[in-house]
file input-v3.txt (compact mmCIF, C-alpha atoms and all ligand atoms)
# COMPACT_ATOMS: atom_id res chain seq x y z
CA MET I 20 14.79 196.71 128.00
CA LYS I 21 14.73 194.50 124.91
CA ARG I 22 17.76 194.98 122.66
CA SER I 23 18.19 194.03 119.04
CA LEU I 24 21.10 194.09 116.61
CA ILE I 25 20.01 195.66 113.33
CA ASP I 26 23.06 197.75 112.51
CA ILE I 27 26.58 197.34 113.88
CA CYS I 28 26.10 200.86 115.35
CA ASP I 29 23.70 199.28 117.85
CA LEU I 30 26.78 197.96 119.64
CA SER I 31 29.40 200.13 121.28
CA THR I 32 33.06 199.51 120.60
CA GLU I 33 33.45 198.22 124.18
CA GLU I 34 30.58 195.77 123.67
CA ILE I 35 32.08 194.43 120.45
CA GLU I 36 35.43 193.94 122.16
CA GLU I 37 33.77 192.25 125.15
CA MET I 38 32.11 189.84 122.74
CA VAL I 39 35.45 189.07 121.10
CA ASP I 40 36.78 188.20 124.57
CA VAL I 41 33.76 185.99 125.24
CA ALA I 42 34.25 184.26 121.85
CA LYS I 43 37.90 183.58 122.71
CA ASP I 44 36.82 182.18 126.09
CA ILE I 45 34.23 179.91 124.41
CA MET I 46 36.99 178.55 122.13
CA ARG I 47 39.14 177.69 125.16
CA ASN I 48 36.34 176.46 127.36
CA PRO I 49 33.23 175.37 125.40
CA GLN I 50 31.90 173.23 128.25
CA LYS I 51 31.36 176.27 130.45
CA TYR I 52 28.82 177.57 127.92
CA SER I 53 26.99 174.37 127.06
CA GLU I 54 23.89 175.12 129.15
CA LYS I 55 23.79 178.91 129.09
CA CYS I 56 20.68 178.99 126.88
CA LYS I 57 18.95 175.89 128.24
CA GLY I 58 15.22 176.17 127.65
CA LYS I 59 15.60 179.08 125.21
CA LYS I 60 14.57 179.05 121.53
CA LEU I 61 16.05 180.89 118.58
CA ALA I 62 13.78 181.41 115.56
CA ALA I 63 15.88 181.44 112.40
CA LEU I 64 13.77 183.26 109.79
CA PHE I 65 15.69 183.13 106.53
CA PHE I 66 13.79 184.56 103.57
CA GLU I 67 16.90 184.52 101.37
CA PRO I 68 19.50 181.80 100.66
CA SER I 69 22.09 181.11 103.33
CA THR I 70 24.31 178.28 104.45
CA ARG I 71 26.91 179.68 106.81
CA THR I 72 24.88 182.32 108.54
CA ARG I 73 21.85 180.15 109.19
CA LEU I 74 23.77 177.05 110.19
CA SER I 75 26.18 179.03 112.37
CA PHE I 76 23.24 180.64 114.20
CA GLU I 77 21.69 177.23 114.66
CA ALA I 78 24.97 175.63 115.77
CA ALA I 79 25.57 178.58 118.11
CA MET I 80 22.21 178.09 119.81
CA TYR I 81 22.65 174.32 120.09
CA GLU I 82 26.15 174.74 121.57
CA LEU I 83 24.61 177.02 124.20
CA GLY I 84 22.15 174.24 125.08
CA GLY I 85 19.18 175.98 123.43
CA ASN I 86 16.82 175.00 120.64
CA VAL I 87 16.05 176.30 117.17
CA LEU I 88 12.87 176.90 115.17
CA SER I 89 13.62 177.40 111.53
CA VAL I 90 12.06 178.92 108.41
CA SER I 91 14.39 178.49 105.51
CA SER I 92 12.53 180.04 102.60
CA ALA I 93 9.84 182.58 101.97
CA ASP I 94 7.96 179.95 99.94
CA SER I 95 7.49 177.66 102.91
CA SER I 96 6.26 180.39 105.27
CA SER I 97 3.19 182.61 105.52
CA ALA I 98 5.18 185.33 103.76
CA SER I 99 4.10 183.56 100.56
CA LYS I 100 0.45 184.12 101.62
CA GLY I 101 1.13 187.83 101.96
CA GLU I 102 1.80 188.10 105.69
CA SER I 103 3.68 191.25 106.64
CA VAL I 104 7.07 191.20 108.35
CA ALA I 105 5.45 193.04 111.27
CA ASP I 106 2.84 190.34 111.79
CA THR I 107 5.37 187.53 111.39
CA ALA I 108 7.52 189.18 114.07
CA ARG I 109 4.58 189.47 116.48
CA ILE I 110 3.62 185.85 115.96
CA VAL I 111 7.13 184.45 116.29
CA SER I 112 7.48 186.41 119.56
CA CYS I 113 4.87 183.99 121.00
CA TYR I 114 6.99 180.96 120.18
CA ALA I 115 10.64 181.90 120.56
CA ASP I 116 12.99 183.96 122.77
CA ILE I 117 15.09 185.56 120.03
CA ILE I 118 14.88 185.96 116.24
CA ALA I 119 17.63 185.89 113.61
CA MET I 120 16.21 187.26 110.35
CA ARG I 121 17.61 187.43 106.82
CA HIS I 122 15.50 189.22 104.27
CA PRO I 123 15.95 190.47 100.68
CA LYS I 124 14.37 193.83 101.59
CA GLU I 125 16.54 196.48 103.21
CA GLY I 126 15.04 197.43 106.56
CA ALA I 127 12.90 194.30 107.05
CA PRO I 128 14.74 193.23 110.25
CA LEU I 129 14.25 196.74 111.63
CA VAL I 130 10.50 196.47 111.01
CA ALA I 131 10.59 193.07 112.72
CA ALA I 132 12.43 194.55 115.73
CA MET I 133 9.86 197.34 116.02
CA ASN I 134 7.06 194.81 116.21
CA ALA I 135 8.56 191.86 118.06
CA SER I 136 8.55 191.61 121.83
CA ILE I 137 11.81 189.65 121.72
CA PRO I 138 15.31 190.62 120.44
CA VAL I 139 15.82 190.56 116.67
CA ILE I 140 19.17 190.01 114.99
CA ASN I 141 19.69 191.21 111.42
CA ALA I 142 21.28 188.27 109.60
CA GLY I 143 21.57 190.29 106.38
CA ASP I 144 19.04 192.70 104.81
CA GLY I 145 19.31 193.08 101.03
CA GLY I 146 22.34 195.07 99.94
CA HIS I 147 22.34 197.01 103.20
CA ASN I 148 23.92 195.58 106.36
CA HIS I 149 25.19 192.34 107.84
CA PRO I 150 26.30 193.08 111.40
CA THR I 151 26.90 189.50 112.56
CA GLN I 152 29.31 188.91 109.67
CA THR I 153 31.14 191.98 110.97
CA LEU I 154 31.39 190.34 114.38
CA ALA I 155 33.01 187.33 112.69
CA ASP I 156 35.33 189.61 110.72
CA ILE I 157 36.36 191.65 113.77
CA CYS I 158 37.09 188.49 115.76
CA THR I 159 39.23 187.23 112.86
CA VAL I 160 41.19 190.49 112.62
CA SER I 161 41.70 190.55 116.39
CA LEU I 162 43.02 186.98 116.42
CA GLU I 163 45.14 187.31 113.30
CA LYS I 164 46.57 190.78 113.86
CA GLY I 165 46.28 191.23 117.62
CA ARG I 166 44.85 194.71 117.04
CA LEU I 167 41.97 196.53 115.38
CA ASN I 168 43.75 199.83 114.72
CA ASN I 169 46.62 201.01 112.51
CA LEU I 170 45.68 198.63 109.71
CA THR I 171 45.65 199.15 105.96
CA VAL I 172 42.58 197.28 104.79
CA GLY I 173 41.82 196.59 101.13
CA PHE I 174 38.15 195.93 100.34
CA CYS I 175 37.93 194.29 96.93
CA GLY I 176 35.05 193.34 94.63
CA ASP I 177 31.42 194.34 94.92
CA LEU I 178 31.54 197.27 97.32
CA LYS I 179 28.19 198.57 96.10
CA PHE I 180 25.95 195.65 96.99
CA GLY I 181 28.26 193.84 99.41
CA ARG I 182 26.48 194.33 102.72
CA THR I 183 29.31 192.73 104.70
CA VAL I 184 31.64 195.49 103.47
CA HIS I 185 29.20 198.21 104.55
CA SER I 186 28.99 196.91 108.11
CA LEU I 187 32.71 196.17 108.45
CA ILE I 188 33.69 199.64 107.24
CA GLN I 189 31.40 201.06 109.89
CA ALA I 190 33.08 198.99 112.62
CA LEU I 191 36.70 199.57 111.52
CA SER I 192 36.11 203.31 111.12
CA ARG I 193 35.94 203.57 114.90
CA TYR I 194 39.63 202.76 115.29
CA SER I 195 42.43 205.25 114.81
CA GLY I 196 45.12 204.80 112.23
CA ASN I 197 43.12 202.52 109.96
CA ARG I 198 43.38 203.21 106.22
CA PHE I 199 40.98 201.87 103.63
CA ILE I 200 41.75 201.00 100.03
CA LEU I 201 38.54 200.54 98.08
CA ILE I 202 39.16 198.30 95.08
CA SER I 203 36.27 197.81 92.67
CA PRO I 204 35.11 198.38 89.10
CA GLU I 205 33.56 201.86 88.92
CA GLU I 206 30.04 200.48 88.65
CA LEU I 207 30.50 198.65 91.94
CA ASN I 208 31.99 201.51 93.95
CA LEU I 209 31.15 201.90 97.61
CA PRO I 210 27.87 203.85 98.01
CA GLY I 211 28.43 207.58 98.47
CA TYR I 212 26.54 207.70 101.75
CA ILE I 213 29.00 205.30 103.39
CA LYS I 214 31.98 207.30 102.13
CA LYS I 215 30.48 210.52 103.41
CA ASP I 216 28.66 209.52 106.60
CA VAL I 217 31.09 206.90 107.82
CA ILE I 218 34.59 207.14 106.35
CA GLU I 219 34.90 210.89 105.93
CA LYS I 220 32.98 211.67 109.12
CA ASN I 221 35.47 209.56 111.09
CA ARG I 222 38.38 211.17 109.23
CA ILE I 223 39.61 207.83 107.93
CA GLU I 224 42.15 208.06 105.14
CA TYR I 225 41.02 206.20 102.02
CA VAL I 226 41.76 205.76 98.37
CA GLN I 227 39.64 204.34 95.59
CA THR I 228 41.19 202.30 92.79
CA THR I 229 40.37 199.70 90.19
CA SER I 230 43.73 197.93 90.46
CA LEU I 231 44.30 195.25 93.07
CA GLU I 232 47.86 194.58 91.82
CA GLN I 233 48.98 198.14 92.39
CA VAL I 234 47.98 198.27 96.05
CA MET I 235 48.72 194.68 97.05
CA PRO I 236 52.11 195.39 98.72
CA GLU I 237 50.55 197.94 101.10
CA LEU I 238 47.85 195.72 102.57
CA ASP I 239 47.66 194.27 106.08
CA ILE I 240 44.23 192.83 105.31
CA LEU I 241 42.61 191.96 102.00
CA TYR I 242 38.83 191.58 102.28
CA MET I 243 37.65 189.87 99.08
CA THR I 244 33.97 189.75 98.15
CA ARG I 245 31.73 188.03 95.63
CA VAL I 246 29.93 190.07 92.97
CA GLN I 247 26.35 189.96 94.30
CA LYS I 248 24.52 188.40 91.38
CA GLU I 249 21.10 188.51 93.05
CA ARG I 250 21.16 192.31 93.35
CA PHE I 251 21.73 193.02 89.62
CA PHE I 252 18.91 194.26 87.44
CA ASN I 253 20.28 192.63 84.32
CA GLU I 254 22.35 189.53 83.78
CA GLU I 255 24.56 191.13 81.14
CA ASP I 256 26.05 193.54 83.68
CA TYR I 257 26.65 190.70 86.12
CA LEU I 258 28.40 188.58 83.50
CA ARG I 259 30.61 191.50 82.50
CA LEU I 260 31.63 192.29 86.08
CA LYS I 261 31.66 188.95 87.84
CA ASP I 262 35.29 188.11 87.22
CA SER I 263 36.71 191.59 87.72
CA TYR I 264 39.10 190.32 90.40
CA ILE I 265 40.48 186.84 90.78
CA LEU I 266 43.09 186.39 93.47
CA THR I 267 45.78 183.94 92.33
CA PRO I 268 49.12 182.83 93.83
CA GLU I 269 50.79 184.93 91.13
CA LYS I 270 49.05 188.12 92.31
CA LEU I 271 49.96 187.34 95.91
CA LYS I 272 53.69 187.41 95.10
CA SER I 273 53.89 191.12 95.84
CA ALA I 274 51.84 190.85 99.06
CA ARG I 275 53.24 191.09 102.56
CA SER I 276 54.13 187.84 104.25
CA ASP I 277 51.81 188.74 107.15
CA LEU I 278 48.83 189.70 104.96
CA SER I 279 45.49 188.27 106.18
CA ILE I 280 43.02 187.33 103.43
CA LEU I 281 39.40 187.42 104.53
CA HIS I 282 36.21 186.63 102.60
CA PRO I 283 32.70 186.36 104.07
CA LEU I 284 32.03 183.44 101.67
CA PRO I 285 30.48 181.96 99.60
CA ARG I 286 33.36 182.21 97.15
CA VAL I 287 32.48 181.97 93.49
CA ASN I 288 35.55 182.67 91.43
CA GLU I 289 37.30 185.52 93.19
CA ILE I 290 39.86 183.48 95.13
CA SER I 291 41.68 180.65 93.42
CA VAL I 292 41.51 177.39 95.40
CA ALA I 293 45.30 177.27 95.04
CA ILE I 294 45.39 179.89 97.82
CA ASP I 295 43.38 177.90 100.34
CA ASN I 296 46.45 176.34 101.94
CA ASP I 297 48.46 179.56 102.01
CA PRO I 298 48.94 180.55 105.68
CA ARG I 299 47.60 184.00 104.80
CA ALA I 300 44.16 182.60 103.88
CA CYS I 301 41.83 183.16 106.87
CA TYR I 302 38.40 182.67 105.33
CA PHE I 303 37.62 179.23 106.65
CA LYS I 304 38.69 180.17 110.18
CA GLN I 305 36.60 183.31 109.80
CA ALA I 306 33.47 181.16 109.26
CA LEU I 307 34.25 179.23 112.45
CA TYR I 308 34.80 182.39 114.49
CA GLY I 309 31.39 183.57 113.28
CA LYS I 310 29.76 180.80 115.28
CA TYR I 311 31.52 181.81 118.50
CA MET I 312 30.66 185.47 118.01
CA ARG I 313 27.01 184.54 117.43
CA MET I 314 27.09 182.56 120.68
CA ALA I 315 28.42 185.64 122.49
CA LEU I 316 25.77 187.82 120.83
CA ILE I 317 22.83 185.54 121.62
CA MET I 318 23.87 185.50 125.31
CA LYS I 319 24.27 189.25 125.33
CA LEU I 320 20.85 189.98 123.81
CA LEU I 321 19.16 187.47 126.10
CA GLY I 322 20.83 189.11 129.10
CA ILE I 323 22.74 185.96 130.03
CA GLU I 324 26.08 186.52 131.76
CA PRO I 325 28.98 184.67 130.09
C1 LIG I 401 27.53 187.14 102.76
C2 LIG I 401 26.13 187.70 102.67
O1 LIG I 401 25.17 186.94 102.79
O2 LIG I 401 26.03 188.90 102.50
N1 LIG I 401 27.55 185.79 103.12
C3 LIG I 401 27.55 185.45 104.42
O3 LIG I 401 26.62 185.72 105.16
N2 LIG I 401 28.64 184.88 104.89
C4 LIG I 401 28.36 187.43 101.56
C5 LIG I 401 27.84 186.98 100.24
O4 LIG I 401 26.76 186.38 100.13
O5 LIG I 401 28.55 187.24 99.27
call {"tool": "encode", "arguments": {"input": "input-v3.txt", "output": "structure tokens"}}
result
Amino acid sequence: MKRSLIDICDLSTEEIEEMVDVAKDIMRNPQKYSEKCKGKKLAALFFEPSTRTRLSFEAAMYELGGNVLSVSSADSSSASKGESVADTARIVSCYADIIAMRHPKEGAPLVAAMNASIPVINAGDGGHNHPTQTLADICTVSLEKGRLNNLTVGFCGDLKFGRTVHSLIQALSRYSGNRFILISPEELNLPGYIKKDVIEKNRIEYVQTTSLEQVMPELDILYMTRVQKERFFNEEDYLRLKDSYILTPEKLKSARSDLSILHPLPRVNEISVAIDNDPRACYFKQALYGKYMRMALIMKLLGIEP
């Protein structure tokens, strides 16, 4: 049966952990994987800006010995002529073996998966979900902390529109003993449905605050995010909120020495570059781990044994 990854819930906890193990094995032994996808093609359909996600999917497929077909903007594809996502998915199924799709509309990758005859991976749909970033984040937490449970995780910034936060909360809610601290301006609070259907349903302890400074000493992980300019209805609100949190060496003084700082990137202003060389900064490694997790995922969805 064809499998897709639209929401992180499409993967069981065991499957996510297996993929982390495969990613770690790829890091140790890349040669073993260099022909796993020989003769296979990934279609990268990106209808919204992306650097990391698109390039890491492409690099992942090349490092597995496969090939890539790429659409990098809606303007250069038939979407600009009015083609539906459903039709695009049917057509691309004739040319490729697997699709990675990013789209500004929530639910577009799901529509693609319902109409494609090949697996579809959601590479980010509007302000909704971003499950492959979660795979990168989980791999980073596993490598940095050696565990996925009993962690106090601070999510800071745009928790309303930040799709990476939505998917990561979903994944970390499966583990016992995790505690979430939701740090955002009130207007950018985590959507109520995620609080209710995910955090509260899994009986995860959480607090909501506007002050990063106050909670800093408690954190094992600080997940910083960019204020999602492209999802705002008016520029004034964005300008008022964009610099709500800026992590500086000064603010890190009260943090634990084993804190791990994650960020899905791109960074705008929310982490000072003076922190980049701090051993607690994990965001560049996190981008690298994303490639290995995407390699593990592509193999899994194509039914290729590691
Ligand atoms: C994120 C995204 O696209 O949602 N970026 C990424 O894929 N690494 C985060 C962001 O754009 O802020």
call {"tool": "residues_around", "arguments": {"input": "input-v3.txt", "residues": "Val90 (chain I)", "least_positions_apart": "2", "cutoff": "9 Å", "atoms": "only C-alpha atoms", "output": "MDAnalysis selection string"}}
result
chainID I and resid 62:66 88 92:93 95:96
call {"tool": "write_last_selection", "arguments": {"input": "input-v3.txt", "atoms": "C-alpha atoms", "output": "PDB file, in the frame of the given file"}}
result
ATOM      1  CA  ALA I  62      13.780 181.410 115.560  1.00  0.00           C
ATOM      2  CA  ALA I  63      15.880 181.440 112.400  1.00  0.00           C
ATOM      3  CA  LEU I  64      13.770 183.260 109.790  1.00  0.00           C
ATOM      4  CA  PHE I  65      15.690 183.130 106.530  1.00  0.00           C
ATOM      5  CA  PHE I  66      13.790 184.560 103.570  1.00  0.00           C
ATOM      6  CA  LEU I  88      12.870 176.900 115.170  1.00  0.00           C
ATOM      7  CA  SER I  92      12.530 180.040 102.600  1.00  0.00           C
ATOM      8  CA  ALA I  93       9.840 182.580 101.970  1.00  0.00           C
ATOM      9  CA  SER I  95       7.490 177.660 102.910  1.00  0.00           C
ATOM     10  CA  SER I  96       6.260 180.390 105.270  1.00  0.00           C
TER      11      SER I  96
END
call {"tool": "residues_near_ligand", "arguments": {"input": "input-v3.txt", "ligand": "ligand LIG 401 (chain I)", "cutoff": "7 Å", "atoms": "only C-alpha atoms and all ligand atoms", "output": "ChimeraX atom specification"}}
result
/I:69,71-72,143,149,152,181-183,244-245,247,283-285
call {"tool": "write_last_selection", "arguments": {"input": "input-v3.txt", "atoms": "C-alpha atoms", "output": "PDB file, in the frame of the given file"}}
result
ATOM      1  CA  SER I  69      22.090 181.110 103.330  1.00  0.00           C
ATOM      2  CA  ARG I  71      26.910 179.680 106.810  1.00  0.00           C
ATOM      3  CA  THR I  72      24.880 182.320 108.540  1.00  0.00           C
ATOM      4  CA  GLY I 143      21.570 190.290 106.380  1.00  0.00           C
ATOM      5  CA  HIS I 149      25.190 192.340 107.840  1.00  0.00           C
ATOM      6  CA  GLN I 152      29.310 188.910 109.670  1.00  0.00           C
ATOM      7  CA  GLY I 181      28.260 193.840  99.410  1.00  0.00           C
ATOM      8  CA  ARG I 182      26.480 194.330 102.720  1.00  0.00           C
ATOM      9  CA  THR I 183      29.310 192.730 104.700  1.00  0.00           C
ATOM     10  CA  THR I 244      33.970 189.750  98.150  1.00  0.00           C
ATOM     11  CA  ARG I 245      31.730 188.030  95.630  1.00  0.00           C
ATOM     12  CA  GLN I 247      26.350 189.960  94.300  1.00  0.00           C
ATOM     13  CA  PRO I 283      32.700 186.360 104.070  1.00  0.00           C
ATOM     14  CA  LEU I 284      32.030 183.440 101.670  1.00  0.00           C
ATOM     15  CA  PRO I 285      30.480 181.960  99.600  1.00  0.00           C
TER      16      PRO I 285
END
call {"tool": "atom_distance", "arguments": {"input": "input-v3.txt", "atom1": "CA of Arg73 (chain I)", "atom2": "CA of Leu201 (chain I)"}}
result
28.6 Å
call {"tool": "residues_around", "arguments": {"input": "input-v3.txt", "residues": "Lys304 (chain I)", "least_positions_apart": "6", "cutoff": "10 Å", "atoms": "all atoms listed in the file", "output": "PyMOL selection string"}}
result
chain I and resi 155+159+281
call {"tool": "closest_residue", "arguments": {"input": "input-v3.txt", "among": "I:Glu67, I:Asp216, I:Asp116, I:Glu54", "to": "Gly322 (chain I)", "atoms": "only C-alpha atoms"}}
result
I:Asp116
call {"tool": "residues_around", "arguments": {"input": "input-v3.txt", "residues": "Glu249 (chain I)", "least_positions_apart": "5", "cutoff": "10 Å", "atoms": "all atoms listed in the file", "output": "list of chain:residue names"}}
result
I:Pro123, I:Gly145, I:Gly146, I:Phe180, I:Glu254, I:Tyr257
call {"tool": "closest_residue", "arguments": {"input": "input-v3.txt", "among": "I:Arg275, I:His122, I:Lys261, I:Arg222", "to": "Ala98 (chain I)", "atoms": "all atoms listed in the file"}}
result
I:His122
call {"tool": "closest_residue", "arguments": {"input": "input-v3.txt", "among": "I:Met38, I:Val246, I:Leu24, I:Met312", "to": "Ala132 (chain I)", "atoms": "all atoms listed in the file"}}
result
I:Leu24
call {"tool": "atom_distance", "arguments": {"input": "input-v3.txt", "atom1": "CA of Ile157 (chain I)", "atom2": "CA of Gln233 (chain I)"}}
result
25.7 Å
call {"tool": "closest_residue", "arguments": {"input": "input-v3.txt", "among": "I:Ile200, I:Leu30, I:Met120, I:Ala79", "to": "Ser91 (chain I)", "atoms": "only C-alpha atoms"}}
result
I:Met120
call {"tool": "atom_distance", "arguments": {"input": "input-v3.txt", "atom1": "CA of Arg286 (chain I)", "atom2": "CA of Pro210 (chain I)"}}
result
22.3 Å
call {"tool": "residues_around", "arguments": {"input": "input-v3.txt", "residues": "Asp277 (chain I)", "least_positions_apart": "6", "cutoff": "9 Å", "atoms": "all atoms listed in the file", "output": "PyMOL selection string"}}
result
chain I and resi 164+239-240+298-299
call {"tool": "residues_around", "arguments": {"input": "input-v3.txt", "residues": "Asp106 (chain I)", "least_positions_apart": "2", "cutoff": "12 Å", "atoms": "only C-alpha atoms", "output": "JSON, numbers by chain"}}
result
{"I": [97, 98, 101, 102, 103, 104, 108, 109, 110, 111, 112, 113, 127, 130, 131, 132, 133, 134, 135, 136]}
call {"tool": "closest_residue", "arguments": {"input": "input-v3.txt", "among": "I:Leu83, I:Ile323, I:Val184, I:Leu207", "to": "Pro150 (chain I)", "atoms": "all atoms listed in the file"}}
result
I:Val184
call {"tool": "closest_residue", "arguments": {"input": "input-v3.txt", "among": "I:Glu82, I:Glu255, I:Asp297, I:Glu36", "to": "Cys56 (chain I)", "atoms": "only C-alpha atoms"}}
result
I:Glu82
call {"tool": "residues_near_point", "arguments": {"input": "input-v3.txt", "point": "(36.1, 194.0, 101.3)", "cutoff": "8 Å", "atoms": "only C-alpha atoms", "output": "mmCIF file with C-alpha atoms, keeping the file's coordinate frame"}}
result
data_model
loop_
_atom_site.group_PDB
_atom_site.id
_atom_site.type_symbol
_atom_site.label_atom_id
_atom_site.label_comp_id
_atom_site.auth_asym_id
_atom_site.auth_seq_id
_atom_site.Cartn_x
_atom_site.Cartn_y
_atom_site.Cartn_z
ATOM 1 C CA GLY I 173 41.820 196.590 101.130
ATOM 2 C CA PHE I 174 38.150 195.930 100.340
ATOM 3 C CA CYS I 175 37.930 194.290 96.930
ATOM 4 C CA GLY I 176 35.050 193.340 94.630
ATOM 5 C CA ASP I 177 31.420 194.340 94.920
ATOM 6 C CA LEU I 178 31.540 197.270 97.320
ATOM 7 C CA THR I 183 29.310 192.730 104.700
ATOM 8 C CA VAL I 184 31.640 195.490 103.470
ATOM 9 C CA LEU I 201 38.540 200.540 98.080
ATOM 10 C CA LEU I 241 42.610 191.960 102.000
ATOM 11 C CA TYR I 242 38.830 191.580 102.280
ATOM 12 C CA MET I 243 37.650 189.870 99.080
ATOM 13 C CA THR I 244 33.970 189.750 98.150
ATOM 14 C CA HIS I 282 36.210 186.630 102.600
#
call {"tool": "build_atoms", "arguments": {"input": "input-v3.txt", "residues": "region 249-261 of chain I", "atoms": "N, CA and C atoms", "output": "CSV table (one decimal), in the frame of the given file"}}
result
chain,number,residue,atom,x,y,z
I,249,GLU,N,22.5,188.4,92.8
I,249,GLU,CA,21.1,188.5,93.0
I,249,GLU,C,20.6,190.0,93.2
I,250,ARG,N,21.6,190.9,93.2
I,250,ARG,CA,21.2,192.3,93.4
I,250,ARG,C,21.2,193.1,92.0
I,251,PHE,N,21.6,192.4,90.9
I,251,PHE,CA,21.7,193.0,89.6
I,251,PHE,C,20.4,193.1,88.9
I,252,PHE,N,20.2,194.2,88.2
I,252,PHE,CA,18.9,194.3,87.4
I,252,PHE,C,19.0,193.5,86.1
I,253,ASN,N,20.2,193.4,85.5
I,253,ASN,CA,20.3,192.6,84.3
I,253,ASN,C,21.5,191.8,84.3
I,254,GLU,N,21.3,190.6,83.7
I,254,GLU,CA,22.4,189.5,83.8
I,254,GLU,C,23.6,189.9,83.0
I,255,GLU,N,23.4,190.7,82.0
I,255,GLU,CA,24.6,191.1,81.1
I,255,GLU,C,25.6,191.9,82.0
I,256,ASP,N,25.1,192.8,82.8
I,256,ASP,CA,26.0,193.5,83.7
I,256,ASP,C,26.8,192.6,84.6
I,257,TYR,N,26.0,191.7,85.2
I,257,TYR,CA,26.6,190.7,86.1
I,257,TYR,C,27.7,189.9,85.4
I,258,LEU,N,27.4,189.4,84.2
I,258,LEU,CA,28.4,188.6,83.5
I,258,LEU,C,29.7,189.4,83.2
I,259,ARG,N,29.5,190.6,82.8
I,259,ARG,CA,30.6,191.5,82.5
I,259,ARG,C,31.5,191.8,83.7
I,260,LEU,N,30.9,191.8,84.9
I,260,LEU,CA,31.6,192.3,86.1
I,260,LEU,C,32.1,191.2,87.0
I,261,LYS,N,31.5,190.0,86.8
I,261,LYS,CA,31.7,189.0,87.8
I,261,LYS,C,33.1,188.5,88.1
